[in-house]
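A short worksheet on the structure shown next.
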Amino acid sequence: MRETLRGLLDRYGIVLALLLMIAVLTILQPEYFPSVGNITNIARQISVNALLALGEFLVILTAGIDLSVGSVMALSMVTLALLSHNGLPDILALGAALGVGLIFGLLNGWGLTKLRLPHPFIVTLATLNIARGITYLISQGVPISGLPPALRFFGSYDIYLSGTGDRRIVVPVSLLVVLVAYVLVGLLLVRSRTGRHIYAVGGNAQAARFAGINVDRILNIVYILCGLLAAMAGVLMAGRTNSGYPNAGLQAELDAIAAVIIGGASFFGGRGTVIGTFVGVLIMGLLRNGLNLMNVSAFWQMVVIGVVILLAVYVDVLRQRVPQQQRS
Amino acid sequence: MPAVEMKSICKSFGPVRALDHVSLSLDPGEVLGLVGDNAAGKSTLMKVLTGAYFPDAGTVRFEGREVRWRDPHESRQAGVEMVYQDFALAGNLDITANIFMGREHTQPVLGSSLRLLDERTMEASARELLDRLKIQVKSVRLKVENLSGGQRQAVAIARATAFQAKVVIMDEPTAALAVKEVGKVLEIIRGLKEHGIAVIIISHRMQDVFQVSDRIAVLRQGRNAGERLTKQTTMDEIVAMIVGAADSVPVPVA
């Protein structure tokens, strides 16, 4: 009985925290927080971090880290805007923007598996700087505004569902992109061999190697997916802001990592779920939104998010401690 | 026909002669204890058998055919499995996932272009496998990190035998276990005999080797130092062979 209760808390504790937050925010801001407009707004705001966090989650599952996602996102965004401004057809500009993510994912993977750099922290710290540097070089440090409608589609369009005025209910396309990405990655992780191997590599890389799993291939896959998702985040951001600006995504990697950790994934790999990550993203999004509604300054928001990270991980530490004591 | 026959194996690493004309044979269903001091060549010999090392000279025969395995993958496909000392399991995955790690069953979905994990088949085979080896666990969906050392070793052994293994090599299978769990693991090893699986056990725990093996082969400084049927020898004799005192010191009567 206690075991099942603990299992439930293990699995859904983070969801409880989210529901609690929603309840508190609804009580504190009954007029604004639960309004259709605000919820749509949250959905739009979290979409970039949601994609970055999803990629980061895959990497963290293998006990890795990708510091380059914020820079890759900016480079993809600026590439999209720049190529479009130079008259490249939309589809090619989009392809190139995603290609940026693919290339940097490959670079990160190769740095780790071919150059055998000692820790992903190092190779992705390098690509963080390289991607950001190239972003400033090709944009000369200035934003590039104005994108054709087709390129703004993913980031800024809404699908109309029903109602008018205050009751007008829409679904942002960016939210759909996020949901599709989460469902696909979730399926990959839970239902495919590759997904099982990702968990195995994160749980015990040596065991995975002994079992005949191609560990390097798995690492390359997760860094490439992470790069692609970061590039897609750049496309969303470009659509939403109708521009490519070189300072986009500064420190976005830290928000992504924070969401993954709040979502219950272990920094040591092998533990965590797509749903947990999504909840982590939501918690960060709601926190920012709620604090904004209550006119809490952005500086205090950072302090609060820091505290939440500490709390989330401490709860995890407590949770891990129980079974260990039972065993010994 | 022996399951494995290694003849006159030599292997050097630079100036160090790790194996000097070492021979070893093993029948189906036989449990062989491979003992020797540190650096006697046990691990090197087993790595030659699994194909992790290629011998400088000598031949390896598997079920009568000469084989030249170049990596442990090939030997595994033929039916030679290794159970590692530290279990080599992923604690975050459940028993079924560990047993099938790297060899997961899949089934086609939406036509045949997409293949997804076939959890039902894997779960059923895991259950059947554990029952056959008389390994008792509450559920094959338990995470391995929640198992005791003995249960983990049992899962590691089950995994090694899951795919028509003919020879299973175990490196210190009881070293990391609590005393009360050793007996259970030895029982499982003896159980493998019934399924015709040949077992090589590398162990420093002499009482375990005596309890479970049919025959004991001793290596010393990279050479064969003799072989005894377990029934016809004593621990003192084997220890004397290990340290190289067999010829000079009379075997004391216990």
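We label chains A, B, ... in the order they appear in the structure tokens, count residues from 1 in each chain, and number ligands from 1 in the order shown.
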**Request:** Enumerate as an NGL selection string the residues belonging to chain B that approach chain A to within 9 Å, with only C-alpha atoms taken into account.
**Result:** :B and (72-73 or 87-93 or 97-98 or 100-106 or 115-119 or 146-148)
Write out the residues from the selection above, keeping C-alpha atoms, as a PDB file, in the first residue's frame.
ATOM      1  CA  PRO B  72      32.776 -10.428 -28.740  1.00  0.00           C
ATOM      2  CA  HIS B  73      29.851  -9.730 -31.054  1.00  0.00           C
ATOM      3  CA  PHE B  87      26.656  -7.394 -13.520  1.00  0.00           C
ATOM      4  CA  ALA B  88      26.637  -4.885 -16.409  1.00  0.00           C
ATOM      5  CA  LEU B  89      22.971  -4.157 -15.933  1.00  0.00           C
ATOM      6  CA  ALA B  90      21.206  -0.817 -16.242  1.00  0.00           C
ATOM      7  CA  GLY B  91      19.565  -0.130 -12.879  1.00  0.00           C
ATOM      8  CA  ASN B  92      17.088   2.351 -14.325  1.00  0.00           C
ATOM      9  CA  LEU B  93      15.545  -0.296 -16.580  1.00  0.00           C
ATOM     10  CA  ALA B  97      14.448  -4.507 -20.574  1.00  0.00           C
ATOM     11  CA  ASN B  98      17.765  -5.658 -19.133  1.00  0.00           C
ATOM     12  CA  PHE B 100      16.652  -7.971 -23.862  1.00  0.00           C
ATOM     13  CA  MET B 101      19.059  -5.041 -23.805  1.00  0.00           C
ATOM     14  CA  GLY B 102      20.544  -4.658 -27.264  1.00  0.00           C
ATOM     15  CA  ARG B 103      18.382  -7.486 -28.621  1.00  0.00           C
ATOM     16  CA  GLU B 104      14.899  -6.099 -28.195  1.00  0.00           C
ATOM     17  CA  HIS B 105      12.010  -7.741 -30.008  1.00  0.00           C
ATOM     18  CA  THR B 106      10.131  -5.431 -32.312  1.00  0.00           C
ATOM     19  CA  ARG B 115       8.982  -1.149 -36.017  1.00  0.00           C
ATOM     20  CA  LEU B 116       8.121  -0.664 -32.377  1.00  0.00           C
ATOM     21  CA  LEU B 117       9.062  -2.627 -29.283  1.00  0.00           C
ATOM     22  CA  ASP B 118       7.090  -5.803 -28.747  1.00  0.00           C
ATOM     23  CA  GLU B 119       6.764  -5.535 -24.971  1.00  0.00           C
ATOM     24  CA  ASN B 146      15.416  -2.315  -6.610  1.00  0.00           C
ATOM     25  CA  LEU B 147      16.742  -5.895  -6.628  1.00  0.00           C
ATOM     26  CA  SER B 148      19.224  -7.440  -4.229  1.00  0.00           C
TER      27      SER B 148
END
- Message: Quick check for you: according to DSSP on this backbone, which residues of stretch 16-250 of chain B are classed as strand (DSSP E)? Reply as number ranges by chain.
- Response: B: 16-26, 31-36, 57-62, 65-67, 80-83, 106-109, 114-117, 167-171, 198-202, 215-220, 223-229
Need the shell around B:Val167: protein/DNA/RNA residues with any atom at most 12 Å away, counting only C-alpha atoms. Skip same-chain ones fewer than 2 positions apart. Format as an MDAnalysis selection string? chainID B and resid 2:5 25:32 46 49:50 62:63 75:83 157 160:165 169:170 189 192:193 195:201
Got a sec: who's within 7 Å of stretch 225-234 of chain B, counting only C-alpha atoms, leaving out chain neighbours fewer than 3 positions off, as a compact mmCIF listing (two decimals) with C-alpha atoms, in the first residue's frame?
# COMPACT_ATOMS: atom_id res chain seq x y z
CA PHE B 210 34.24 -26.60 -5.24
CA SER B 213 32.17 -27.17 -10.60
CA ASP B 214 32.76 -30.58 -12.19
CA ARG B 215 36.36 -29.89 -13.02
CA ILE B 216 38.95 -27.31 -12.05
CA ALA B 217 41.66 -25.96 -14.33
CA VAL B 218 44.56 -24.05 -12.84
CA LEU B 219 46.61 -21.39 -14.59
CA ARG B 220 49.88 -20.07 -13.28
CA GLU B 237 45.84 -29.38 -3.62
CA ILE B 238 44.32 -26.72 -5.86
CA MET B 241 48.82 -25.75 -7.78
Exercise: B:Gly41 partners within 7 Å, only C-alpha atoms, chain neighbours under 2 positions left out, as a ChimeraX atom specification: /B:18-19,39,43-45,219,221-222
Mind writing the picked residues with N, CA and C atoms as a PDB file, in the first residue's frame?
ATOM      1  N   ALA B  18      51.449 -13.160 -21.813  1.00  0.00           N
ATOM      2  CA  ALA B  18      50.296 -13.374 -20.936  1.00  0.00           C
ATOM      3  C   ALA B  18      49.834 -14.822 -20.975  1.00  0.00           C
ATOM      4  N   LEU B  19      49.883 -15.435 -22.160  1.00  0.00           N
ATOM      5  CA  LEU B  19      49.482 -16.827 -22.305  1.00  0.00           C
ATOM      6  C   LEU B  19      50.575 -17.567 -23.073  1.00  0.00           C
ATOM      7  N   ALA B  39      46.868 -12.164 -12.540  1.00  0.00           N
ATOM      8  CA  ALA B  39      47.812 -12.154 -13.652  1.00  0.00           C
ATOM      9  C   ALA B  39      48.242 -13.548 -14.080  1.00  0.00           C
ATOM     10  N   SER B  43      41.730 -14.047 -17.259  1.00  0.00           N
ATOM     11  CA  SER B  43      40.924 -13.092 -18.009  1.00  0.00           C
ATOM     12  C   SER B  43      41.363 -13.019 -19.467  1.00  0.00           C
ATOM     13  N   THR B  44      42.684 -13.061 -19.672  1.00  0.00           N
ATOM     14  CA  THR B  44      43.190 -13.005 -21.041  1.00  0.00           C
ATOM     15  C   THR B  44      42.690 -14.199 -21.842  1.00  0.00           C
ATOM     16  N   LEU B  45      42.732 -15.376 -21.220  1.00  0.00           N
ATOM     17  CA  LEU B  45      42.274 -16.582 -21.912  1.00  0.00           C
ATOM     18  C   LEU B  45      40.792 -16.459 -22.283  1.00  0.00           C
ATOM     19  N   LEU B 219      45.600 -22.103 -13.798  1.00  0.00           N
ATOM     20  CA  LEU B 219      46.607 -21.393 -14.592  1.00  0.00           C
ATOM     21  C   LEU B 219      47.616 -20.772 -13.640  1.00  0.00           C
ATOM     22  N   GLN B 221      51.058 -18.139 -14.047  1.00  0.00           N
ATOM     23  CA  GLN B 221      51.986 -17.354 -14.863  1.00  0.00           C
ATOM     24  C   GLN B 221      51.814 -17.620 -16.352  1.00  0.00           C
ATOM     25  N   GLY B 222      50.579 -17.645 -16.786  1.00  0.00           N
ATOM     26  CA  GLY B 222      50.297 -17.783 -18.209  1.00  0.00           C
ATOM     27  C   GLY B 222      50.454 -19.184 -18.760  1.00  0.00           C
TER      28      GLY B 222
END
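With only C-alpha atoms as the atoms that count, the minimum distance from B:Lys180 to the choices B:Leu24, B:His204, B:Gly149, B:Gly33 is reached by B:Gly149.
For the choices A:Pro89, A:Gly109, A:Gly234, A:Gly13, the atom-to-atom distance to A:Val315 is smallest for A:Gly13 when using only C-alpha atoms.
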* Secondary structure check, alpha helix (DSSP H) residues of stretch 15-116 of chain B, as a PyMOL selection string -> chain B and resi 42-50+72-78+95-99
- If we count only C-alpha atoms, what is near B:Lys11 at a cut-off of 8 Å, once residues fewer than 6 positions away on the same chain are taken out, given as an NGL selection string? :B and (17-20 or 54-57)
For those residues, write C-alpha atoms to a file as an mmCIF file, in the first residue's frame.
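Output contents, as saved in again01.cif:
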data_model
loop_
_atom_site.group_PDB
_atom_site.id
_atom_site.type_symbol
_atom_site.label_atom_id
_atom_site.label_comp_id
_atom_site.auth_asym_id
_atom_site.auth_seq_id
_atom_site.Cartn_x
_atom_site.Cartn_y
_atom_site.Cartn_z
ATOM 1 C CA ARG B 17 53.825 -13.190 -22.314
ATOM 2 C CA ALA B 18 50.296 -13.374 -20.936
ATOM 3 C CA LEU B 19 49.482 -16.827 -22.305
ATOM 4 C CA ASP B 20 52.075 -19.439 -23.097
ATOM 5 C CA PHE B 54 42.996 -12.472 -31.072
ATOM 6 C CA PRO B 55 45.619 -15.078 -30.138
ATOM 7 C CA ASP B 56 49.182 -14.872 -31.482
ATOM 8 C CA ALA B 57 49.187 -18.638 -31.908
#
Contact check, stretch 9-33 of chain A to stretch 279-302 of chain A, at most 10 Å, counting only C-alpha atoms, closest pairs as a tab-separated table:
residue	atom	partner	partner_atom	distance
A:Ile14	CA	A:Val279	CA	7.2
A:Val15	CA	A:Val279	CA	6.7
A:Ala17	CA	A:Ile283	CA	8.3
A:Leu18	CA	A:Ile283	CA	6.0
A:Leu19	CA	A:Ile283	CA	9.5
A:Met21	CA	A:Leu286	CA	7.7
A:Ile22	CA	A:Leu286	CA	7.8
A:Val24	CA	A:Gly290	CA	9.5
A:Leu25	CA	A:Gly290	CA	6.4
A:Thr26	CA	A:Gly290	CA	9.4
A:Leu28	CA	A:Met294	CA	8.6
A:Gln29	CA	A:Leu293	CA	7.6
A:Tyr32	CA	A:Leu293	CA	7.7
A:Phe33	CA	A:Gly290	CA	7.4
| message | I'd like the contact shell of stretch 133-145 of chain A - 9 Å cut-off, only C-alpha atoms, skipping same-chain residues fewer than 3 positions apart - returned as an MDAnalysis selection string. | response | chainID A and resid 71:72 74:79 81:82 85 128:130 241:247
